[in-house]
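Dumped start.cif below, it's mmCIF, C-alpha atoms:
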```cif
data_work
#
loop_
_atom_site.group_PDB
_atom_site.id
_atom_site.type_symbol
_atom_site.label_atom_id
_atom_site.label_comp_id
_atom_site.auth_asym_id
_atom_site.auth_seq_id
_atom_site.Cartn_x
_atom_site.Cartn_y
_atom_site.Cartn_z
ATOM 1 C CA MET A 1 -7.229 16.444 -24.547
ATOM 2 C CA LEU A 2 -10.255 14.232 -24.767
ATOM 3 C CA LEU A 3 -11.238 12.554 -21.555
ATOM 4 C CA ALA A 4 -13.155 9.331 -21.833
ATOM 5 C CA PRO A 5 -16.734 9.588 -20.632
ATOM 6 C CA LEU A 6 -17.270 8.076 -17.228
ATOM 7 C CA GLY A 7 -19.646 5.309 -16.315
ATOM 8 C CA SER A 8 -21.242 3.163 -18.949
ATOM 9 C CA LEU A 9 -21.959 5.988 -21.324
ATOM 10 C CA ALA A 10 -20.910 5.212 -24.875
ATOM 11 C CA PHE A 11 -20.111 7.939 -27.356
ATOM 12 C CA GLU A 12 -19.992 6.937 -30.982
ATOM 13 C CA GLY A 13 -20.287 10.305 -32.665
ATOM 14 C CA PRO A 14 -17.702 11.897 -34.909
ATOM 15 C CA ARG A 15 -14.250 12.399 -33.481
ATOM 16 C CA LEU A 16 -13.663 15.753 -31.878
ATOM 17 C CA PRO A 17 -10.958 18.063 -33.167
ATOM 18 C CA PRO A 18 -7.785 17.549 -31.134
ATOM 19 C CA HIS A 19 -7.660 21.145 -29.909
ATOM 20 C CA PHE A 20 -10.618 20.782 -27.565
ATOM 21 C CA PRO A 21 -9.167 21.270 -24.106
ATOM 22 C CA ALA A 22 -11.418 18.815 -22.313
ATOM 23 C CA LEU A 23 -14.661 16.966 -22.591
ATOM 24 C CA ARG A 24 -16.212 14.757 -20.052
ATOM 25 C CA ALA A 25 -19.609 13.327 -19.335
ATOM 26 C CA ARG A 26 -20.530 12.570 -15.787
ATOM 27 C CA THR A 27 -22.652 9.960 -14.193
ATOM 28 C CA THR A 28 -25.150 10.853 -11.505
ATOM 29 C CA LEU A 29 -23.845 12.039 -8.198
ATOM 30 C CA PHE A 30 -25.844 9.578 -6.130
ATOM 31 C CA GLY A 31 -25.362 6.710 -8.571
ATOM 32 C CA ASP A 32 -28.839 6.092 -9.876
ATOM 33 C CA ARG A 33 -30.364 9.252 -8.571
ATOM 34 C CA PRO A 34 -33.895 8.832 -7.291
ATOM 35 C CA SER A 35 -36.176 10.134 -9.980
ATOM 36 C CA LEU A 36 -38.672 12.765 -9.053
ATOM 37 C CA LYS A 37 -40.805 11.302 -11.826
ATOM 38 C CA ALA A 38 -41.968 8.641 -9.432
ATOM 39 C CA LEU A 39 -43.236 11.355 -7.164
ATOM 40 C CA SER A 40 -45.268 12.951 -9.921
ATOM 41 C CA PRO A 41 -46.503 9.853 -11.723
ATOM 42 C CA ASP A 42 -48.217 11.291 -14.766
ATOM 43 C CA GLY A 43 -45.262 13.511 -15.681
ATOM 44 C CA ARG A 44 -47.493 15.299 -18.132
ATOM 45 C CA HIS A 45 -48.652 18.513 -16.614
ATOM 46 C CA GLN A 46 -45.758 20.552 -17.959
ATOM 47 C CA GLY A 47 -44.257 18.177 -20.483
ATOM 48 C CA GLU A 48 -47.316 17.876 -22.734
ATOM 49 C CA ARG A 49 -47.131 21.499 -23.692
ATOM 50 C CA ALA A 50 -43.511 21.128 -24.742
ATOM 51 C CA MET A 51 -43.863 17.914 -26.742
ATOM 52 C CA LYS A 52 -43.109 19.574 -30.076
ATOM 53 C CA ASP A 53 -40.623 22.078 -28.779
ATOM 54 C CA PRO A 54 -36.924 21.509 -29.344
ATOM 55 C CA ILE A 55 -34.942 19.778 -26.611
ATOM 56 C CA ARG A 56 -33.610 22.506 -24.350
ATOM 57 C CA ILE A 57 -29.993 22.188 -23.292
ATOM 58 C CA ASP A 58 -28.921 24.577 -20.538
ATOM 59 C CA VAL A 59 -25.335 25.772 -20.506
ATOM 60 C CA GLY A 60 -23.389 27.494 -17.767
ATOM 61 C CA ARG A 61 -20.125 29.164 -18.696
ATOM 62 C CA SER A 62 -17.042 29.784 -16.591
ATOM 63 C CA SER A 63 -13.612 31.145 -17.449
ATOM 64 C CA GLU A 64 -12.251 27.802 -18.593
ATOM 65 C CA GLY A 65 -15.195 25.978 -20.079
ATOM 66 C CA ALA A 66 -18.894 25.347 -20.289
ATOM 67 C CA THR A 67 -21.110 22.813 -18.549
ATOM 68 C CA TYR A 68 -24.114 21.473 -20.420
ATOM 69 C CA GLU A 69 -27.179 19.701 -19.046
ATOM 70 C CA LEU A 70 -30.635 18.807 -20.290
ATOM 71 C CA HIS A 71 -33.411 20.971 -18.962
ATOM 72 C CA PRO A 72 -35.388 18.805 -16.487
ATOM 73 C CA LEU A 73 -38.514 18.799 -18.670
ATOM 74 C CA ALA A 74 -36.480 17.842 -21.726
ATOM 75 C CA ARG A 75 -34.935 14.954 -19.817
ATOM 76 C CA ARG A 76 -38.325 13.797 -18.620
ATOM 77 C CA ARG A 77 -39.668 13.968 -22.166
ATOM 78 C CA ILE A 78 -36.803 11.854 -23.504
ATOM 79 C CA GLU A 79 -37.210 9.326 -20.709
ATOM 80 C CA ASN A 80 -40.905 9.080 -21.552
ATOM 81 C CA GLU A 81 -40.356 8.678 -25.279
ATOM 82 C CA PHE A 82 -37.306 6.411 -25.027
ATOM 83 C CA PRO A 83 -37.800 4.348 -21.889
ATOM 84 C CA GLY A 84 -34.711 2.410 -20.970
ATOM 85 C CA GLY A 85 -32.446 4.951 -22.599
ATOM 86 C CA ARG A 86 -29.622 6.552 -20.732
ATOM 87 C CA THR A 87 -29.263 10.285 -20.456
ATOM 88 C CA ALA A 88 -26.088 11.852 -19.091
ATOM 89 C CA PRO A 89 -26.429 14.379 -16.278
ATOM 90 C CA GLN A 90 -23.800 16.785 -17.552
ATOM 91 C CA VAL A 91 -21.122 17.333 -20.168
ATOM 92 C CA TYR A 92 -18.211 19.688 -19.603
ATOM 93 C CA VAL A 93 -16.202 21.084 -22.517
ATOM 94 C CA GLY A 94 -13.259 23.399 -22.005
ATOM 95 C CA TYR A 95 -12.148 26.366 -24.081
ATOM 96 C CA ARG A 96 -9.155 28.655 -24.135
ATOM 97 C CA THR A 97 -11.092 31.881 -23.583
ATOM 98 C CA LYS A 98 -14.709 32.605 -22.759
ATOM 99 C CA GLU A 99 -15.060 34.798 -25.845
ATOM 100 C CA THR A 100 -14.479 31.834 -28.140
ATOM 101 C CA PHE A 101 -17.357 29.864 -26.644
ATOM 102 C CA GLU A 102 -19.694 29.869 -29.642
ATOM 103 C CA GLU A 103 -16.922 29.603 -32.210
ATOM 104 C CA VAL A 104 -15.261 26.643 -30.501
ATOM 105 C CA HIS A 105 -18.308 24.831 -29.168
ATOM 106 C CA GLY A 106 -20.785 25.558 -31.938
ATOM 107 C CA PRO A 107 -19.473 22.841 -34.258
ATOM 108 C CA ILE A 108 -19.917 20.156 -31.580
ATOM 109 C CA TRP A 109 -23.309 21.030 -30.132
ATOM 110 C CA LYS A 110 -24.880 18.122 -32.001
ATOM 111 C CA GLN A 111 -22.385 15.737 -30.433
ATOM 112 C CA ILE A 112 -22.995 17.239 -27.008
ATOM 113 C CA ALA A 113 -26.732 16.752 -27.521
ATOM 114 C CA MET A 114 -26.170 13.119 -28.478
ATOM 115 C CA ILE A 115 -24.093 12.499 -25.345
ATOM 116 C CA LEU A 116 -26.626 14.174 -23.065
ATOM 117 C CA THR A 117 -29.671 12.492 -24.566
ATOM 118 C CA GLY A 118 -28.176 9.125 -25.433
ATOM 119 C CA LEU A 119 -29.956 9.450 -28.800
ATOM 120 C CA SER A 120 -28.783 9.634 -32.394
ATOM 121 C CA TRP A 121 -29.022 12.984 -34.125
ATOM 122 C CA GLU A 122 -31.834 11.603 -36.301
ATOM 123 C CA GLU A 123 -33.821 10.742 -33.187
ATOM 124 C CA ILE A 124 -33.169 14.194 -31.755
ATOM 125 C CA GLU A 125 -34.323 15.821 -34.984
ATOM 126 C CA LYS A 126 -37.574 13.881 -34.788
ATOM 127 C CA LEU A 127 -38.116 15.401 -31.361
ATOM 128 C CA GLY A 128 -37.680 18.882 -32.815
ATOM 129 C CA GLY A 129 -33.923 19.439 -32.607
ATOM 130 C CA ILE A 130 -32.211 21.358 -29.836
ATOM 131 C CA ILE A 131 -31.998 24.789 -28.303
ATOM 132 C CA ILE A 132 -28.787 25.789 -26.554
ATOM 133 C CA TYR A 133 -29.839 28.100 -23.721
ATOM 134 C CA ASP A 134 -27.372 30.153 -21.695
ATOM 135 C CA ALA A 135 -28.764 29.779 -18.179
ATOM 136 C CA GLY A 136 -26.478 32.509 -16.829
ATOM 137 C CA GLU A 137 -27.381 35.162 -19.377
ATOM 138 C CA ARG A 138 -30.912 33.816 -19.846
ATOM 139 C CA ARG A 139 -30.797 33.816 -23.616
ATOM 140 C CA GLU A 140 -31.100 31.346 -26.435
ATOM 141 C CA VAL A 141 -27.661 30.890 -27.949
ATOM 142 C CA SER A 142 -28.576 28.647 -30.849
ATOM 143 C CA LYS A 143 -31.304 26.486 -32.310
ATOM 144 C CA ILE A 144 -30.374 23.452 -34.402
ATOM 145 C CA GLY A 145 -32.594 21.066 -36.268
ATOM 146 C CA MET B 146 -37.316 38.087 13.326
ATOM 147 C CA SER B 147 -34.797 40.940 12.992
ATOM 148 C CA LYS B 148 -32.231 41.153 10.230
ATOM 149 C CA LYS B 149 -29.525 40.898 12.836
ATOM 150 C CA GLN B 150 -31.004 37.684 14.189
ATOM 151 C CA ASP B 151 -31.149 36.368 10.606
ATOM 152 C CA LEU B 152 -27.388 36.890 10.362
ATOM 153 C CA TYR B 153 -26.844 34.875 13.531
ATOM 154 C CA THR B 154 -29.177 32.135 12.320
ATOM 155 C CA GLY B 155 -27.529 31.939 8.909
ATOM 156 C CA ARG B 156 -24.056 31.765 10.392
ATOM 157 C CA GLY B 157 -25.202 29.136 12.857
ATOM 158 C CA GLY B 158 -26.458 27.039 9.938
ATOM 159 C CA HIS B 159 -23.133 27.332 8.136
ATOM 160 C CA PHE B 160 -21.231 26.080 11.139
ATOM 161 C CA ALA B 161 -23.709 23.283 11.835
ATOM 162 C CA VAL B 162 -23.236 22.018 8.281
ATOM 163 C CA MET B 163 -19.475 22.405 8.509
ATOM 164 C CA ALA B 164 -19.500 20.443 11.767
ATOM 165 C CA GLU B 165 -21.355 17.595 10.073
ATOM 166 C CA PHE B 166 -18.789 17.440 7.270
ATOM 167 C CA LEU B 167 -15.922 17.482 9.755
ATOM 168 C CA MET B 168 -17.485 14.664 11.738
ATOM 169 C CA ARG B 169 -17.755 12.699 8.505
ATOM 170 C CA GLY B 170 -14.012 13.165 7.937
ATOM 171 C CA TYR B 171 -14.011 15.933 5.332
ATOM 172 C CA ASN B 172 -12.089 19.172 5.511
ATOM 173 C CA VAL B 173 -13.997 22.430 5.198
ATOM 174 C CA ALA B 174 -13.217 26.024 4.275
ATOM 175 C CA ILE B 175 -15.092 29.286 4.019
ATOM 176 C CA PRO B 176 -14.242 31.410 0.945
ATOM 177 C CA GLU B 177 -12.562 34.698 1.899
ATOM 178 C CA VAL B 178 -14.775 36.571 -0.546
ATOM 179 C CA ASP B 179 -18.479 35.785 -0.685
ATOM 180 C CA THR B 180 -19.312 35.144 -4.329
ATOM 181 C CA GLY B 181 -22.088 32.637 -3.822
ATOM 182 C CA ASP B 182 -20.505 29.573 -2.291
ATOM 183 C CA ASP B 183 -20.836 29.282 1.463
ATOM 184 C CA VAL B 184 -18.570 26.345 2.187
ATOM 185 C CA PHE B 185 -15.950 24.344 0.341
ATOM 186 C CA VAL B 186 -15.680 20.708 1.343
ATOM 187 C CA VAL B 187 -12.475 18.872 0.557
ATOM 188 C CA GLN B 188 -11.487 15.236 0.761
ATOM 189 C CA ASP B 189 -7.862 15.636 1.747
ATOM 190 C CA ASP B 190 -6.329 12.489 0.291
ATOM 191 C CA SER B 191 -8.056 12.597 -3.104
ATOM 192 C CA GLY B 192 -8.355 16.351 -3.553
ATOM 193 C CA ASP B 193 -12.035 16.044 -4.415
ATOM 194 C CA MET B 194 -13.829 19.286 -3.725
ATOM 195 C CA TRP B 195 -17.509 20.169 -3.386
ATOM 196 C CA ARG B 196 -19.203 23.535 -3.397
ATOM 197 C CA ILE B 197 -21.883 23.881 -0.753
ATOM 198 C CA GLN B 198 -24.639 26.435 -0.485
ATOM 199 C CA VAL B 199 -26.197 26.481 2.983
ATOM 200 C CA LYS B 200 -29.699 27.758 3.632
ATOM 201 C CA THR B 201 -30.984 27.994 7.170
ATOM 202 C CA ALA B 202 -34.450 28.463 8.584
ATOM 203 C CA ASN B 203 -36.143 28.492 11.937
ATOM 204 C CA ALA B 204 -39.092 26.130 11.615
ATOM 205 C CA ARG B 205 -42.580 26.820 12.917
ATOM 206 C CA GLU B 206 -45.133 24.402 14.275
ATOM 207 C CA HIS B 207 -47.406 23.027 11.580
ATOM 208 C CA ARG B 208 -50.167 20.432 11.970
ATOM 209 C CA GLY B 209 -48.314 18.193 14.347
ATOM 210 C CA GLY B 210 -45.026 18.690 12.567
ATOM 211 C CA PHE B 211 -43.118 21.764 11.532
ATOM 212 C CA ARG B 212 -42.616 23.956 8.506
ATOM 213 C CA ALA B 213 -39.541 25.793 7.218
ATOM 214 C CA GLN B 214 -39.110 28.311 4.439
ATOM 215 C CA PHE B 215 -35.957 29.033 2.461
ATOM 216 C CA ALA B 216 -35.052 31.723 -0.065
ATOM 217 C CA LEU B 217 -33.072 30.763 -3.178
ATOM 218 C CA LYS B 218 -31.540 32.546 -6.134
ATOM 219 C CA GLY B 219 -32.982 31.308 -9.412
ATOM 220 C CA SER B 220 -29.806 32.160 -11.312
ATOM 221 C CA GLN B 221 -27.617 29.887 -9.212
ATOM 222 C CA LEU B 222 -30.125 27.074 -9.303
ATOM 223 C CA SER B 223 -30.647 27.099 -13.060
ATOM 224 C CA MET B 224 -27.020 27.317 -14.170
ATOM 225 C CA PRO B 225 -24.971 24.131 -14.583
ATOM 226 C CA ALA B 226 -21.378 24.394 -13.402
ATOM 227 C CA SER B 227 -18.265 22.316 -12.872
ATOM 228 C CA PRO B 228 -17.856 21.579 -10.052
ATOM 229 C CA ASP B 229 -21.535 21.921 -9.395
ATOM 230 C CA VAL B 230 -23.229 23.351 -6.338
ATOM 231 C CA ASN B 231 -24.842 21.284 -3.603
ATOM 232 C CA TYR B 232 -27.532 22.659 -1.349
ATOM 233 C CA VAL B 233 -27.885 21.866 2.320
ATOM 234 C CA PHE B 234 -30.999 23.199 4.035
ATOM 235 C CA ALA B 235 -30.511 23.377 7.777
ATOM 236 C CA VAL B 236 -33.660 23.353 9.860
ATOM 237 C CA ARG B 237 -33.633 24.671 13.391
ATOM 238 C CA HIS B 238 -36.569 23.597 15.514
ATOM 239 C CA LEU B 239 -37.197 23.599 19.264
ATOM 240 C CA HIS B 240 -33.753 25.083 19.893
ATOM 241 C CA ARG B 241 -31.805 22.353 18.134
ATOM 242 C CA TRP B 242 -30.790 21.291 14.637
ATOM 243 C CA GLN B 243 -33.698 19.093 13.724
ATOM 244 C CA ASP B 244 -33.056 18.117 10.104
ATOM 245 C CA PHE B 245 -30.876 18.720 7.090
ATOM 246 C CA LEU B 246 -32.117 18.398 3.525
ATOM 247 C CA VAL B 247 -29.299 17.635 1.107
ATOM 248 C CA PHE B 248 -29.729 18.157 -2.626
ATOM 249 C CA ASP B 249 -27.491 18.467 -5.621
ATOM 250 C CA ARG B 250 -28.370 21.504 -7.701
ATOM 251 C CA SER B 251 -29.833 19.622 -10.641
ATOM 252 C CA THR B 252 -32.219 17.658 -8.410
ATOM 253 C CA LEU B 253 -33.475 20.836 -6.838
ATOM 254 C CA LYS B 254 -33.837 22.450 -10.253
ATOM 255 C CA GLU B 255 -35.883 19.463 -11.386
ATOM 256 C CA LEU B 256 -38.068 19.780 -8.317
ATOM 257 C CA PHE B 257 -38.932 23.370 -9.183
ATOM 258 C CA GLU B 258 -39.260 22.897 -12.940
ATOM 259 C CA THR B 259 -41.486 19.844 -12.788
ATOM 260 C CA GLN B 260 -43.919 21.743 -10.627
ATOM 261 C CA ASN B 261 -43.776 25.003 -12.523
ATOM 262 C CA ALA B 262 -41.976 25.190 -15.872
ATOM 263 C CA GLY B 263 -39.655 28.143 -16.165
ATOM 264 C CA SER B 264 -39.682 28.801 -12.452
ATOM 265 C CA THR B 265 -35.903 28.731 -12.106
ATOM 266 C CA ASP B 266 -35.684 31.587 -14.623
ATOM 267 C CA ARG B 267 -37.083 33.815 -11.868
ATOM 268 C CA PRO B 268 -34.553 35.770 -9.803
ATOM 269 C CA LYS B 269 -35.980 34.750 -6.427
ATOM 270 C CA LEU B 270 -37.467 31.441 -5.392
ATOM 271 C CA THR B 271 -38.967 30.202 -2.179
ATOM 272 C CA LEU B 272 -38.834 26.619 -0.998
ATOM 273 C CA THR B 273 -41.309 25.739 1.720
ATOM 274 C CA VAL B 274 -40.897 22.330 3.336
ATOM 275 C CA VAL B 275 -43.413 20.704 5.643
ATOM 276 C CA PHE B 276 -41.964 18.071 7.944
ATOM 277 C CA SER B 277 -43.730 15.287 9.760
ATOM 278 C CA ASP B 278 -42.293 12.265 11.537
ATOM 279 C CA ASP B 279 -42.130 10.150 8.409
ATOM 280 C CA ASP B 280 -42.217 12.594 5.517
ATOM 281 C CA ALA B 281 -40.984 15.926 4.215
ATOM 282 C CA VAL B 282 -42.952 17.625 1.460
ATOM 283 C CA ALA B 283 -41.913 20.519 -0.761
ATOM 284 C CA LEU B 284 -43.688 21.824 -3.852
ATOM 285 C CA SER B 285 -46.277 19.050 -3.464
ATOM 286 C CA GLN B 286 -43.619 16.357 -3.738
ATOM 287 C CA SER B 287 -42.040 14.193 -1.103
ATOM 288 C CA VAL B 288 -38.417 15.070 -0.463
ATOM 289 C CA GLN B 289 -38.055 12.600 2.372
ATOM 290 C CA LEU B 290 -35.380 10.811 0.367
ATOM 291 C CA TYR B 291 -33.120 13.829 0.769
ATOM 292 C CA ARG B 292 -33.731 14.233 4.491
ATOM 293 C CA ASN B 293 -30.447 13.859 6.341
ATOM 294 C CA ASN B 294 -29.130 12.078 3.276
ATOM 295 C CA TRP B 295 -25.357 12.536 3.379
ATOM 296 C CA ALA B 296 -24.711 9.459 1.243
ATOM 297 C CA LYS B 297 -22.623 11.451 -1.193
ATOM 298 C CA TRP B 298 -20.094 11.953 1.578
ATOM 299 C CA PRO B 299 -19.620 8.568 3.263
ATOM 300 C CA ARG B 300 -17.805 8.646 6.573
ATOM 301 C CA LEU B 301 -14.024 8.608 6.259
ATOM 302 C CA GLU B 302 -11.696 7.078 8.803
ATOM 303 C CA HIS B 303 -8.380 8.866 9.356
#
```

Let's see the structure in the file written out as structure tokens.
Amino acid sequence: MLLAPLGSLAFEGPRLPPHFPALRARTTLFGDRPSLKALSPDGRHQGERAMKDPIRIDVGRSSEGATYELHPLARRRIENEFPGGRTAPQVYVGYRTKETFEEVHGPIWKQIAMILTGLSWEEIEKLGGIIIYDAGERREVSKIG
Amino acid sequence: MSKKQDLYTGRGGHFAVMAEFLMRGYNVAIPEVDTGDDVFVVQDDSGDMWRIQVKTANAREHRGGFRAQFALKGSQLSMPASPDVNYVFAVRHLHRWQDFLVFDRSTLKELFETQNAGSTDRPKLTLTVVFSDDDAVALSQSVQLYRNNWAKWPRLEH
């Protein structure tokens, strides 16, 4: 079952295979969440170093699915390079069993990255591609681009 | 402060936060088995549920205001989840509940990471907050916006 993304987020990537249990993108919890960027105006002290690194996407896995989010520095970098763009706070994708995580989700990581960043894959590639990072196991799962 | 007193303080913080949710019209529950979540908050009519992690500290006097320190687990803070975790920091000062800081997990993660990249990959984190009348500062950033900010749970009338 494919659930339509919430809010004003538009997803124009390839269609997902019908067997994906669920996918949803969520808008911010407080509406337009106050950005900490305003509190640290230059936004460069950590981000500069990572300018040519791939976009890091953190994933947390549970028994029924995985939740993806941009690492805060990756989100800040995208907001700096594409002002006015719209990143999504999280994307949740279900699976039948935890063991099939990489097999089932691997083919759609590009689409997940596009939803989270609000960018085309070409734009993401120009930024250095993506790293999928398992925040629970603290390991890099995959690097694309 | 003794470990035993810490237990009393921590439990007091849980119940203070639960009382606030109840007064706002939300149901609350404590998980039978402690696996990380301290409180579940439920909106009865919609079935919406929130996971709450409560951290409690006794504040100390600090330059005309007060200062509180909280311990956090990096693993819980760094990992996205559905439903996600919310953090409520309860501050006890001068023998009463003085302030609550209310964050969603990703905001708190951003706070740590923007100050020190990779910090949430550490197992243990410390959040020190300095309060004055018109500001609250943590990790060199103002968190006043999150002070007693329960906007995510607007009051419900039954």

On this structure, the PyMOL selection byres ((chain A) within 6 of (chain B)) would catch which residues? List them as a list in words, sorted by chain and number.
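When the PyMOL selection byres ((chain A) within 6 of (chain B)) is applied, the selected residues are Gly60, Thr67, Pro72, Ala135 and Gly136 of chain A.
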
Show me, as a PyMOL selection string, the residues that have an atom within 12 Å of Met168 (chain B) when counting all atoms listed in the file, minus same-chain residues fewer than 4 positions from it.
chain B and resi 161-164+172-173+295+298-303

Target residues per the PyMOL selection byres ((chain B and resi 199-211) around 9), formatted as a PyMOL selection string:
chain B and resi 151+154-159+162+182-184+197-198+212-217+231-240+274-278

Can you tell me how far CA of Lys149 (chain B) sits from CA of Asp244 (chain B), in Å to one decimal?
23.2 Å

Coordinates-based distance that separates CA of Arg76 (chain A) from CA of Arg250 (chain B) (Å, one decimal):
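CA of Arg76 (chain A) lies 16.7 Å from CA of Arg250 (chain B).
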